[in-house]
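*Asks:* Quick one, final_34.tsv (TSV, C-alpha atoms):
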chain	number	residue	atom	x	y	z
A	1	MET	CA	3.92	3.21	13.68
A	2	LYS	CA	0.71	2.19	15.41
A	3	HIS	CA	0.54	1.53	19.15
A	4	ARG	CA	-1.30	-0.83	21.46
A	5	VAL	CA	-1.85	-0.80	25.22
A	6	PHE	CA	0.38	-3.20	27.13
A	7	GLY	CA	-2.33	-5.02	29.00
A	8	ARG	CA	-3.47	-3.67	32.33
A	9	THR	CA	-0.26	-1.63	32.79
A	10	GLY	CA	-1.91	1.06	30.67
A	11	ILE	CA	1.42	1.76	28.94
A	12	GLU	CA	1.28	2.26	25.18
A	13	VAL	CA	3.93	0.51	23.10
A	14	SER	CA	4.57	0.22	19.39
A	15	GLU	CA	2.79	-2.78	17.89
A	16	ILE	CA	6.07	-3.84	16.31
A	17	GLY	CA	8.98	-4.05	18.70
A	18	PHE	CA	12.64	-4.94	18.46
A	19	GLY	CA	13.64	-8.50	19.33
A	20	ALA	CA	17.24	-8.31	20.54
A	21	TRP	CA	18.24	-11.98	20.50
A	22	GLN	CA	20.08	-11.63	17.20
A	23	ILE	CA	22.31	-8.81	18.44
A	24	GLY	CA	23.30	-11.00	21.38
A	25	GLY	CA	24.26	-14.24	19.71
A	26	SER	CA	23.26	-17.67	18.36
A	27	TRP	CA	22.39	-16.24	14.93
A	28	GLY	CA	25.77	-16.45	13.28
A	29	ASP	CA	28.13	-13.50	13.17
A	30	VAL	CA	26.40	-10.22	13.95
A	31	ALA	CA	28.94	-7.47	14.55
A	32	GLU	CA	28.29	-5.13	17.47
A	33	ALA	CA	28.28	-2.18	15.08
A	34	ASP	CA	25.55	-3.84	13.02
A	35	GLY	CA	23.60	-4.63	16.18
A	36	ARG	CA	23.74	-1.00	17.29
A	37	ALA	CA	22.74	0.18	13.82
A	38	ALA	CA	19.77	-2.20	13.80
A	39	LEU	CA	18.53	-0.93	17.15
A	40	GLU	CA	19.07	2.70	16.15
A	41	ALA	CA	17.07	2.15	12.97
A	42	ALA	CA	14.28	0.45	14.90
A	43	LEU	CA	14.01	3.34	17.34
A	44	ASP	CA	14.18	5.89	14.51
A	45	ALA	CA	11.29	4.04	12.84
A	46	GLY	CA	9.12	4.48	15.92
A	47	MET	CA	9.58	1.23	17.81
A	48	THR	CA	9.13	1.85	21.54
A	49	PHE	CA	9.37	-1.75	22.77
A	50	VAL	CA	12.65	-3.68	23.05
A	51	ASP	CA	12.86	-7.30	24.17
A	52	THR	CA	16.08	-8.88	25.37
A	53	ALA	CA	17.36	-11.43	27.90
A	54	ASP	CA	20.32	-11.78	30.22
A	55	VAL	CA	21.57	-14.85	28.31
A	56	TYR	CA	21.60	-13.27	24.85
A	57	GLY	CA	25.33	-13.20	24.28
A	58	ASP	CA	25.87	-13.56	28.05
A	59	GLY	CA	24.65	-9.99	28.53
A	60	ARG	CA	25.95	-8.58	25.25
A	61	SER	CA	22.45	-7.75	24.03
A	62	GLU	CA	21.54	-5.91	27.24
A	63	ARG	CA	24.79	-3.96	27.17
A	64	ILE	CA	24.36	-2.90	23.54
A	65	ILE	CA	20.86	-1.67	24.35
A	66	ALA	CA	22.17	0.30	27.33
A	67	GLU	CA	24.89	1.94	25.22
A	68	VAL	CA	22.51	2.92	22.43
A	69	LEU	CA	19.88	4.34	24.76
A	70	ARG	CA	22.47	6.24	26.78
A	71	SER	CA	23.91	7.84	23.64
A	72	ARG	CA	20.48	8.77	22.26
A	73	GLY	CA	19.04	10.29	25.42
A	74	GLY	CA	15.43	11.46	25.40
A	75	THR	CA	12.42	9.30	26.13
A	76	ARG	CA	13.40	5.71	26.80
A	77	PRO	CA	11.57	2.87	25.09
A	78	PHE	CA	9.98	0.10	27.16
A	79	VAL	CA	12.71	-2.51	27.69
A	80	ALA	CA	11.73	-6.05	28.64
A	81	THR	CA	14.33	-8.57	29.71
A	82	LYS	CA	14.25	-12.15	30.99
A	83	ALA	CA	15.72	-14.22	33.79
A	84	GLY	CA	16.20	-17.88	34.56
A	85	ARG	CA	18.12	-19.39	31.67
A	86	ARG	CA	21.46	-18.59	33.28
A	87	LEU	CA	20.81	-21.57	35.53
A	88	SER	CA	23.07	-24.50	34.73
A	89	PRO	CA	21.50	-26.94	34.75
A	90	HIS	CA	18.26	-25.18	33.92
A	91	ILE	CA	16.00	-26.94	36.42
A	92	ASP	CA	13.02	-26.02	38.53
A	93	ALA	CA	14.99	-26.14	41.79
A	94	GLY	CA	17.12	-23.23	40.58
A	95	TYR	CA	14.17	-20.83	40.54
A	96	THR	CA	14.79	-19.44	44.02
A	97	ALA	CA	14.42	-15.92	45.38
A	98	GLU	CA	18.19	-15.75	45.78
A	99	ASN	CA	18.96	-16.71	42.19
A	100	LEU	CA	16.24	-14.53	40.68
A	101	THR	CA	17.47	-11.54	42.68
A	102	ALA	CA	21.02	-12.13	41.44
A	103	PHE	CA	19.83	-12.34	37.84
A	104	VAL	CA	17.83	-9.13	38.19
A	105	ASP	CA	20.75	-7.33	39.81
A	106	ARG	CA	22.97	-8.32	36.89
A	107	SER	CA	20.42	-7.07	34.34
A	108	LEU	CA	20.07	-3.79	36.23
A	109	LYS	CA	23.82	-3.33	35.86
A	110	ASN	CA	23.91	-4.42	32.20
A	111	LEU	CA	21.06	-2.10	31.25
A	112	GLY	CA	22.31	0.75	33.42
A	113	VAL	CA	18.99	1.42	35.16
A	114	GLU	CA	17.67	1.51	38.72
A	115	ARG	CA	14.47	-0.36	37.85
A	116	LEU	CA	13.68	-2.81	35.07
A	117	ASP	CA	10.48	-2.18	33.11
A	118	LEU	CA	9.59	-5.86	32.79
A	119	VAL	CA	11.30	-9.09	33.81
A	120	GLN	CA	9.99	-12.30	32.30
A	121	LEU	CA	10.70	-15.76	33.63
A	122	HIS	CA	12.59	-17.20	30.66
A	123	CYS	CA	10.75	-20.33	29.56
A	124	PRO	CA	10.97	-21.96	32.98
A	125	PRO	CA	10.29	-25.68	33.48
A	126	THR	CA	6.56	-26.33	33.55
A	127	GLU	CA	6.65	-27.35	37.21
A	128	THR	CA	8.08	-23.95	38.17
A	129	LEU	CA	4.74	-22.38	37.29
A	130	TYR	CA	3.08	-24.57	39.91
A	131	ARG	CA	5.18	-23.15	42.76
A	132	PRO	CA	3.60	-19.97	44.17
A	133	GLU	CA	6.84	-19.14	45.97
A	134	VAL	CA	8.37	-18.26	42.60
A	135	ALA	CA	5.61	-15.72	41.99
A	136	ALA	CA	6.18	-14.45	45.54
A	137	ALA	CA	9.86	-13.91	44.75
A	138	MET	CA	8.96	-11.83	41.70
A	139	GLU	CA	6.47	-9.81	43.71
A	140	ALA	CA	9.19	-9.17	46.31
A	141	LEU	CA	11.47	-7.80	43.59
A	142	LYS	CA	8.63	-5.51	42.54
A	143	THR	CA	8.10	-4.33	46.13
A	144	ALA	CA	11.83	-3.70	46.44
A	145	GLY	CA	11.66	-1.37	43.43
A	146	LYS	CA	13.96	-3.45	41.26
A	147	ILE	CA	11.30	-4.28	38.68
A	148	ARG	CA	8.16	-2.46	37.64
A	149	ASP	CA	6.31	-5.56	36.44
A	150	TRP	CA	6.87	-9.21	35.64
A	151	GLY	CA	5.64	-11.74	33.16
A	152	VAL	CA	6.46	-15.17	31.79
A	153	SER	CA	7.91	-16.33	28.49
A	154	VAL	CA	6.58	-19.79	27.71
A	155	GLU	CA	6.97	-22.62	25.23
A	156	LYS	CA	3.50	-24.14	25.54
A	157	VAL	CA	-0.07	-22.89	25.53
A	158	GLU	CA	-0.72	-24.89	28.70
A	159	GLU	CA	2.10	-23.03	30.45
A	160	ALA	CA	0.64	-19.70	29.36
A	161	LEU	CA	-2.76	-20.61	30.76
A	162	LYS	CA	-1.19	-21.62	34.08
A	163	ALA	CA	0.97	-18.50	34.31
A	164	ILE	CA	-1.90	-16.06	33.91
A	165	GLU	CA	-3.58	-17.54	36.96
A	166	TYR	CA	-1.09	-15.48	38.99
A	167	PRO	CA	-2.54	-11.98	39.41
A	168	GLY	CA	0.91	-10.39	39.22
A	169	VAL	CA	1.63	-11.65	35.70
A	170	VAL	CA	1.09	-8.72	33.34
A	171	SER	CA	2.37	-10.34	30.15
A	172	ILE	CA	2.99	-13.61	28.37
A	173	GLN	CA	5.54	-14.04	25.63
A	174	ILE	CA	4.74	-16.93	23.31
A	175	ILE	CA	5.56	-18.14	19.82
A	176	TYR	CA	2.81	-17.07	17.44
A	177	ASN	CA	3.05	-16.92	13.66
A	178	MET	CA	1.51	-18.45	10.54
A	179	PHE	CA	3.23	-21.73	11.48
A	180	ARG	CA	2.18	-21.69	15.16
A	181	GLN	CA	-1.49	-20.79	15.35
A	182	ARG	CA	-2.69	-22.67	18.43
A	183	PRO	CA	-2.34	-19.70	20.87
A	184	ALA	CA	-5.10	-17.86	19.02
A	185	SER	CA	-7.83	-20.08	20.38
A	186	LEU	CA	-8.27	-20.52	24.13
A	187	PHE	CA	-5.16	-18.71	25.36
A	188	PHE	CA	-5.73	-15.43	23.53
A	189	ARG	CA	-9.31	-15.34	24.74
A	190	GLU	CA	-8.23	-15.85	28.36
A	191	ALA	CA	-5.42	-13.30	28.07
A	192	LYS	CA	-7.81	-10.64	26.80
A	193	ALA	CA	-10.30	-11.39	29.54
A	194	ARG	CA	-7.62	-10.90	32.20
A	195	GLY	CA	-5.98	-7.84	30.63
A	196	VAL	CA	-2.72	-9.70	30.03
A	197	ALA	CA	-0.41	-8.36	27.34
A	198	VAL	CA	0.76	-10.80	24.67
A	199	ILE	CA	4.25	-10.57	23.19
A	200	ALA	CA	4.49	-12.59	19.96
A	201	ARG	CA	7.97	-13.98	19.41
A	202	VAL	CA	9.58	-15.97	16.57
A	203	PRO	CA	7.18	-14.16	14.23
A	204	LEU	CA	9.05	-15.16	11.07
A	205	ALA	CA	9.74	-18.75	12.15
A	206	SER	CA	13.47	-18.02	12.42
A	207	GLY	CA	13.43	-16.43	8.98
A	208	LEU	CA	11.51	-19.16	7.15
A	209	LEU	CA	8.57	-16.80	6.68
A	210	SER	CA	10.79	-14.18	5.11
A	211	GLY	CA	10.64	-16.34	1.99
A	212	LYS	CA	14.39	-16.00	1.44
A	213	PHE	CA	15.52	-19.55	2.24
A	214	THR	CA	15.94	-22.51	-0.08
A	215	ALA	CA	17.01	-26.12	0.42
A	216	GLU	CA	20.55	-24.95	-0.37
A	217	THR	CA	20.66	-22.25	2.32
A	218	HIS	CA	23.58	-22.80	4.70
A	219	PHE	CA	23.79	-21.54	8.28
A	220	ALA	CA	26.90	-20.83	10.32
A	221	ALA	CA	28.06	-23.26	12.99
A	222	ASP	CA	27.08	-20.80	15.74
A	223	ASP	CA	23.59	-20.23	14.29
A	224	HIS	CA	20.82	-22.07	16.16
A	225	ARG	CA	19.14	-22.73	12.81
A	226	LEU	CA	21.93	-25.25	12.30
A	227	PHE	CA	22.88	-26.46	15.77
A	228	ASN	CA	19.35	-26.67	17.25
A	229	ARG	CA	17.49	-28.29	14.35
A	230	HIS	CA	16.47	-31.16	16.62
A	231	GLY	CA	16.42	-29.38	19.97
A	232	GLU	CA	20.03	-30.14	20.85
A	233	ALA	CA	20.55	-26.89	22.81
A	234	PHE	CA	17.04	-25.74	23.79
A	235	ASP	CA	13.42	-26.33	22.85
A	236	VAL	CA	13.24	-27.17	19.15
A	237	GLY	CA	10.17	-24.96	18.88
A	238	GLU	CA	12.45	-21.92	19.03
A	239	THR	CA	14.07	-22.96	15.73
A	240	PHE	CA	11.89	-22.60	12.64
A	241	ALA	CA	8.94	-22.64	15.10
A	242	GLY	CA	9.47	-26.39	15.42
A	243	VAL	CA	8.58	-27.05	11.78
A	244	PRO	CA	10.93	-29.39	9.87
A	245	PHE	CA	12.92	-27.18	7.51
A	246	GLU	CA	11.86	-28.89	4.27
A	247	VAL	CA	8.19	-28.92	5.34
A	248	GLY	CA	8.40	-25.22	6.10
A	249	LEU	CA	9.95	-24.44	2.71
A	250	ALA	CA	7.07	-26.15	0.90
A	251	ALA	CA	4.47	-24.29	2.96
A	252	VAL	CA	6.22	-20.99	2.32
A	253	GLU	CA	5.81	-21.48	-1.42
A	254	GLU	CA	2.05	-21.85	-0.98
A	255	ILE	CA	1.86	-18.77	1.24
A	256	ARG	CA	4.00	-16.76	-1.19
A	257	ARG	CA	1.11	-16.80	-3.66
A	258	LEU	CA	-1.02	-14.92	-1.13
A	259	VAL	CA	1.39	-12.01	-0.69
A	260	PRO	CA	0.26	-8.85	-2.50
A	261	VAL	CA	2.48	-7.58	-5.29
A	262	GLY	CA	4.99	-5.11	-3.92
A	263	THR	CA	4.80	-6.41	-0.34
A	264	ALA	CA	7.70	-8.25	1.25
A	265	MET	CA	6.77	-11.67	2.56
A	266	ALA	CA	8.26	-10.88	5.98
A	267	ALA	CA	6.07	-7.79	6.30
A	268	PHE	CA	3.05	-9.84	5.22
A	269	ALA	CA	3.83	-12.38	7.94
A	270	LEU	CA	4.06	-9.65	10.57
A	271	ARG	CA	0.79	-8.10	9.42
A	272	TRP	CA	-0.89	-11.50	9.70
A	273	ILE	CA	0.08	-11.63	13.38
A	274	LEU	CA	-1.22	-8.12	14.03
A	275	MET	CA	-4.62	-9.06	12.63
A	276	ASN	CA	-5.36	-10.58	16.05
A	277	ASP	CA	-6.14	-7.83	18.55
A	278	ALA	CA	-5.10	-10.06	21.46
A	279	VAL	CA	-1.50	-9.50	20.35
A	280	THR	CA	0.03	-6.46	22.01
A	281	VAL	CA	3.42	-6.39	20.31
A	282	VAL	CA	5.29	-8.58	17.85
A	283	ILE	CA	9.08	-8.71	18.21
A	284	PRO	CA	10.94	-9.62	15.02
A	285	GLY	CA	14.70	-9.59	15.25
A	286	ALA	CA	17.05	-7.72	12.96
A	287	ARG	CA	20.74	-8.13	12.27
A	288	ASN	CA	21.15	-4.79	10.47
A	289	ALA	CA	19.43	-1.45	9.94
A	290	ALA	CA	17.71	-2.45	6.70
A	291	GLN	CA	15.97	-5.40	8.35
A	292	ALA	CA	14.80	-3.24	11.25
A	293	GLN	CA	13.36	-0.65	8.87
A	294	ALA	CA	11.58	-3.33	6.84
A	295	ASN	CA	10.04	-4.79	10.01
A	296	ALA	CA	8.73	-1.41	11.09
A	297	ALA	CA	7.06	-0.85	7.72
A	298	ALA	CA	4.70	-3.75	8.37
A	299	SER	CA	2.68	-1.53	10.72
A	300	ASP	CA	1.57	0.53	7.72
A	301	LEU	CA	0.21	-2.38	5.68
A	302	PRO	CA	-3.55	-2.60	5.20
A	303	ALA	CA	-5.56	-5.28	6.94
A	304	LEU	CA	-5.59	-8.71	5.31
A	305	SER	CA	-8.84	-9.94	3.82
A	306	ASP	CA	-10.94	-12.71	5.31
A	307	GLU	CA	-10.15	-14.76	2.22
A	308	THR	CA	-6.41	-14.36	2.74
A	309	MET	CA	-6.67	-15.25	6.41
A	310	ALA	CA	-8.66	-18.38	5.52
A	311	ALA	CA	-6.12	-19.37	2.89
A	312	VAL	CA	-3.26	-19.08	5.37
A	313	ARG	CA	-5.20	-21.22	7.81
A	314	ALA	CA	-5.75	-23.84	5.14
A	315	VAL	CA	-2.01	-24.09	4.50
A	316	TYR	CA	-1.43	-24.42	8.23
A	317	ASP	CA	-4.05	-27.11	8.68
A	318	ALA	CA	-2.81	-29.19	5.75
A	319	ARG	CA	0.97	-28.86	6.02
A	320	ILE	CA	2.03	-27.51	9.40
A	321	ALA	CA	-0.47	-28.45	12.12
A	322	PRO	CA	0.38	-32.18	12.08
A	323	HIS	CA	3.94	-31.28	13.13
A	324	VAL	CA	3.30	-28.60	15.76
A	325	HIS	CA	-0.29	-28.07	16.85
A	326	GLN	CA	-0.55	-30.54	19.72
A	327	ARG	CA	3.14	-30.31	20.68
A	328	TRP	CA	3.10	-26.74	21.92
Take the structure from the file and write it as structure tokens.
*Replies:*
Amino acid sequence: MKHRVFGRTGIEVSEIGFGAWQIGGSWGDVAEADGRAALEAALDAGMTFVDTADVYGDGRSERIIAEVLRSRGGTRPFVATKAGRRLSPHIDAGYTAENLTAFVDRSLKNLGVERLDLVQLHCPPTETLYRPEVAAAMEALKTAGKIRDWGVSVEKVEEALKAIEYPGVVSIQIIYNMFRQRPASLFFREAKARGVAVIARVPLASGLLSGKFTAETHFAADDHRLFNRHGEAFDVGETFAGVPFEVGLAAVEEIRRLVPVGTAMAAFALRWILMNDAVTVVIPGARNAAQAQANAAASDLPALSDETMAAVRAVYDARIAPHVHQRW
């Protein structure tokens, strides 16, 4: 497993991390035992970065992580969590020092630690990023010793560019994959210039880029890939990266021809993301040990050729960009 430096924190993390949304909920039935096994396998494979949130399974994800790390002992991985989406309704006015402190206190308890490694504002409303008092509240939590650092998880490139204007923001989490390429232009350049770490989420476009889905694939009622197809529950960009399912399936078939013989398409998709050195860590999810092990293996793949990168871009430009490029 290769490592990259997490921005100006100077901390080294594995370039492939463990995205813990699936072991929390909203991905169909994932048994707690399978969730623990997935995390154990990820850590055994050398992953040292774990990303979760207080709303994943209403704290279930954080608690599973705490249990696994407590039982393993030894050197702890870097654990990033998020705060803000517990607000109901999720509106800008709810981002107060009082609420953020309560969310952090709850995560401290769930994760069983005295200080959180990283707390990310969890896709806050755009206007929240224009209120410096929110940044001041996060800095106060840092001064109080409850968090080591803070960052922002965003939906849009414009939000990422605004967030990194705050000197305390050490990281941005953003959707970046073969179906969401816009961050690689202006935002990545600005992030590198400021020493801001980039966490790439939804790397497989909710599984589309695994190459395993067909038009006949069915999803469970509690799987966001069914209930959020049109943004019914949260931003539609979180589901299949915002790409209409049938459009994504057609693009996948074109990309499949670019995958080297003997390489899994999911691993190929992860390696494509890691070709950009502005990315610090990519966080695929896993619902079982086998998926976690397969994700980790992507770190060992050779670099993709310029021709392959250009071919992927051509598919994006022709089939995907009209649906997503200007939206996020």
*Asks:* Between CA of Gly59 in chain A and CA of Ala102 in chain A, what distance in Å does the model show, to one decimal?
*Replies:*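 Here the two named atoms are 13.6 Å from each other.
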*Asks:* Please work out which residues fall within 10 Å of (6.7, -19.3, 38.0), coordinates as given in the file, with all atoms listed in the file counting, and return them as a PyMOL selection string.
*Replies:* chain A and resi 92+95+120-138+151-152+159+162-163+166+169
*Asks:* Considering all atoms listed in the file, return as a short mmCIF file (atom, residue, chain, number, x, y, z; two decimals) with C-alpha atoms, in the coordinates of the input whatever protein or nucleic-acid residues lie within 8 Å of Arg201 in chain A, sequence-local ones (same chain, fewer than 5 positions apart) excluded.
*Replies:*
data_model
loop_
_atom_site.label_atom_id
_atom_site.label_comp_id
_atom_site.auth_asym_id
_atom_site.auth_seq_id
_atom_site.Cartn_x
_atom_site.Cartn_y
_atom_site.Cartn_z
CA GLY A 19 13.64 -8.50 19.33
CA GLN A 173 5.54 -14.04 25.63
CA ILE A 174 4.74 -16.93 23.31
CA ILE A 175 5.56 -18.14 19.82
CA TYR A 176 2.81 -17.07 17.44
CA VAL A 282 5.29 -8.58 17.85
CA ILE A 283 9.08 -8.71 18.21
CA PRO A 284 10.94 -9.62 15.02
#
*Asks:* Produce a table with one row for each residue of range 166-263 of chain A that has an atom at most 8 Å from any atom of range 304-315 of chain A, each row naming the nearest atom pair and its distance in Å at one decimal; use all atoms listed in the file; arrange rows by chain and rising residue number; format as a tab-separated table.
*Replies:*
residue	atom	partner	partner_atom	distance
A:Met178	CA	A:Val312	CA	7.1
A:Ala251	CA	A:Val315	CA	6.7
A:Glu254	CA	A:Val315	CA	7.2
A:Ile255	CA	A:Val312	CA	6.6
A:Leu258	CA	A:Thr308	CA	6.7
*Asks:* Would you please work out which residue, of A:Gly10, A:Pro322, A:Gly46, A:Gly57, is nearest to Gln22 in chain A when using all atoms listed in the file?
*Replies:* A:Gly57
*Asks:* Tell me, in Å to one decimal, how far CA of Ala66 in chain A is from CA of Val50 in chain A.
*Replies:* 11.2 Å
*Asks:* Env of range 69-71 of chain A: 10 Å cut, atoms = all atoms listed in the file, seq-sep filter 5 positions within chain, self excluded. Answer as a list in words.
*Replies:*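 Contacts, with the query itself left out: Arg36, Leu39, Glu40, Leu43, Arg63, Ile64, Arg76, Pro77, Leu111 and Gly112 of chain A.
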*Asks:* At what distance in Å, to one decimal, does CA of Arg106 in chain A lie from CA of Gly285 in chain A?
*Replies:*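 Spanning CA of Gly285 in chain A to CA of Arg106 in chain A is a straight-line distance of 23.2 Å.
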*Asks:* Nearest to Arg257 in chain A among A:Ile172, A:Gly242, A:Gly211, A:Thr143, with distances taken over only C-alpha atoms: which residue is it?
*Replies:*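 Looking at the shortest contact to Arg257 in chain A, the residue is A:Gly211.
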*Asks:* A:Gly195, A:Gly7, A:Pro203, A:Gly73: which is nearest Ala241 in chain A, counting all atoms listed in the file?
*Replies:*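 Nearest candidate to Ala241 in chain A out of A:Gly195, A:Gly7, A:Pro203, A:Gly73: A:Pro203.
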*Asks:* Please list as a list in words every residue within 12 Å of Asp105 in chain A, counting only C-alpha atoms and excluding residues in the same chain fewer than 3 positions away.
*Replies:* Asp54, Lys82, Ala83, Glu98, Asn99, Leu100, Thr101, Ala102, Leu108, Lys109, Asn110, Leu111, Gly112, Val113, Glu114, Arg115, Leu116, Val119, Leu141, Ala144, Gly145, Lys146 and Ile147 of chain A
*Asks:* Of the residues A:Phe188, A:Phe78, A:Phe6, A:Phe245, which is the one nearest to His218 in chain A, using all atoms listed in the file?
*Replies:* A:Phe245
*Asks:* Please provide as a VMD selection string all residues within 12 Å of Asn276 in chain A, with the sequence filter that same-chain residues fewer than 4 positions apart are discarded (counting only C-alpha atoms).
*Replies:* chain A and resid 4 15 176 to 178 181 183 to 185 188 to 189 192 198 to 200 270 to 272 280 to 282 303 to 304 309
*Asks:* Write out the residues from the selection above, keeping C-alpha atoms, as a tab-separated table (two decimals), keeping the file's coordinate frame.
*Replies:*
chain	number	residue	atom	x	y	z
A	4	ARG	CA	-1.30	-0.83	21.46
A	15	GLU	CA	2.79	-2.78	17.89
A	176	TYR	CA	2.81	-17.07	17.44
A	177	ASN	CA	3.05	-16.92	13.66
A	178	MET	CA	1.51	-18.45	10.54
A	181	GLN	CA	-1.49	-20.79	15.35
A	183	PRO	CA	-2.34	-19.70	20.87
A	184	ALA	CA	-5.10	-17.86	19.02
A	185	SER	CA	-7.83	-20.08	20.38
A	188	PHE	CA	-5.73	-15.43	23.53
A	189	ARG	CA	-9.31	-15.34	24.74
A	192	LYS	CA	-7.81	-10.64	26.80
A	198	VAL	CA	0.76	-10.80	24.67
A	199	ILE	CA	4.25	-10.57	23.19
A	200	ALA	CA	4.49	-12.59	19.96
A	270	LEU	CA	4.06	-9.65	10.57
A	271	ARG	CA	0.79	-8.10	9.42
A	272	TRP	CA	-0.89	-11.50	9.70
A	280	THR	CA	0.03	-6.46	22.01
A	281	VAL	CA	3.42	-6.39	20.31
A	282	VAL	CA	5.29	-8.58	17.85
A	303	ALA	CA	-5.56	-5.28	6.94
A	304	LEU	CA	-5.59	-8.71	5.31
A	309	MET	CA	-6.67	-15.25	6.41
*Asks:* Pick out the residues sitting within 6 Å of Asp34 in chain A, and hand them over as a PyMOL selection string; count only C-alpha atoms, and ignore anything fewer than 3 positions along from it in its own chain.
*Replies:* chain A and resi 31+37+288
*Asks:* Output requested as a compact mmCIF listing (two decimals), in the frame of the given file - range 190-201 of chain A, filled out with N, CA and C atoms.
*Replies:*
# COMPACT_ATOMS: atom_id res chain seq x y z
N GLU A 190 -8.44 -15.99 26.92
CA GLU A 190 -8.23 -15.85 28.36
C GLU A 190 -7.32 -14.65 28.67
N ALA A 191 -6.32 -14.43 27.85
CA ALA A 191 -5.42 -13.30 28.07
C ALA A 191 -6.18 -11.98 27.96
N LYS A 192 -7.02 -11.86 26.96
CA LYS A 192 -7.81 -10.64 26.80
C LYS A 192 -8.74 -10.44 27.98
N ALA A 193 -9.35 -11.50 28.43
CA ALA A 193 -10.30 -11.39 29.54
C ALA A 193 -9.62 -10.92 30.82
N ARG A 194 -8.35 -11.26 30.99
CA ARG A 194 -7.62 -10.90 32.20
C ARG A 194 -6.77 -9.65 32.04
N GLY A 195 -6.79 -9.04 30.86
CA GLY A 195 -5.98 -7.84 30.63
C GLY A 195 -4.50 -8.12 30.60
N VAL A 196 -4.13 -9.31 30.11
CA VAL A 196 -2.72 -9.70 30.03
C VAL A 196 -2.17 -9.38 28.65
N ALA A 197 -1.05 -8.69 28.61
CA ALA A 197 -0.41 -8.36 27.34
C ALA A 197 0.19 -9.62 26.72
N VAL A 198 0.20 -9.67 25.39
CA VAL A 198 0.76 -10.80 24.67
C VAL A 198 1.90 -10.31 23.78
N ILE A 199 3.08 -10.87 23.99
CA ILE A 199 4.25 -10.57 23.19
C ILE A 199 4.46 -11.75 22.24
N ALA A 200 4.36 -11.52 20.94
CA ALA A 200 4.49 -12.59 19.96
C ALA A 200 5.93 -12.68 19.48
N ARG A 201 6.58 -13.82 19.82
CA ARG A 201 7.97 -13.98 19.41
C ARG A 201 8.09 -15.02 18.30
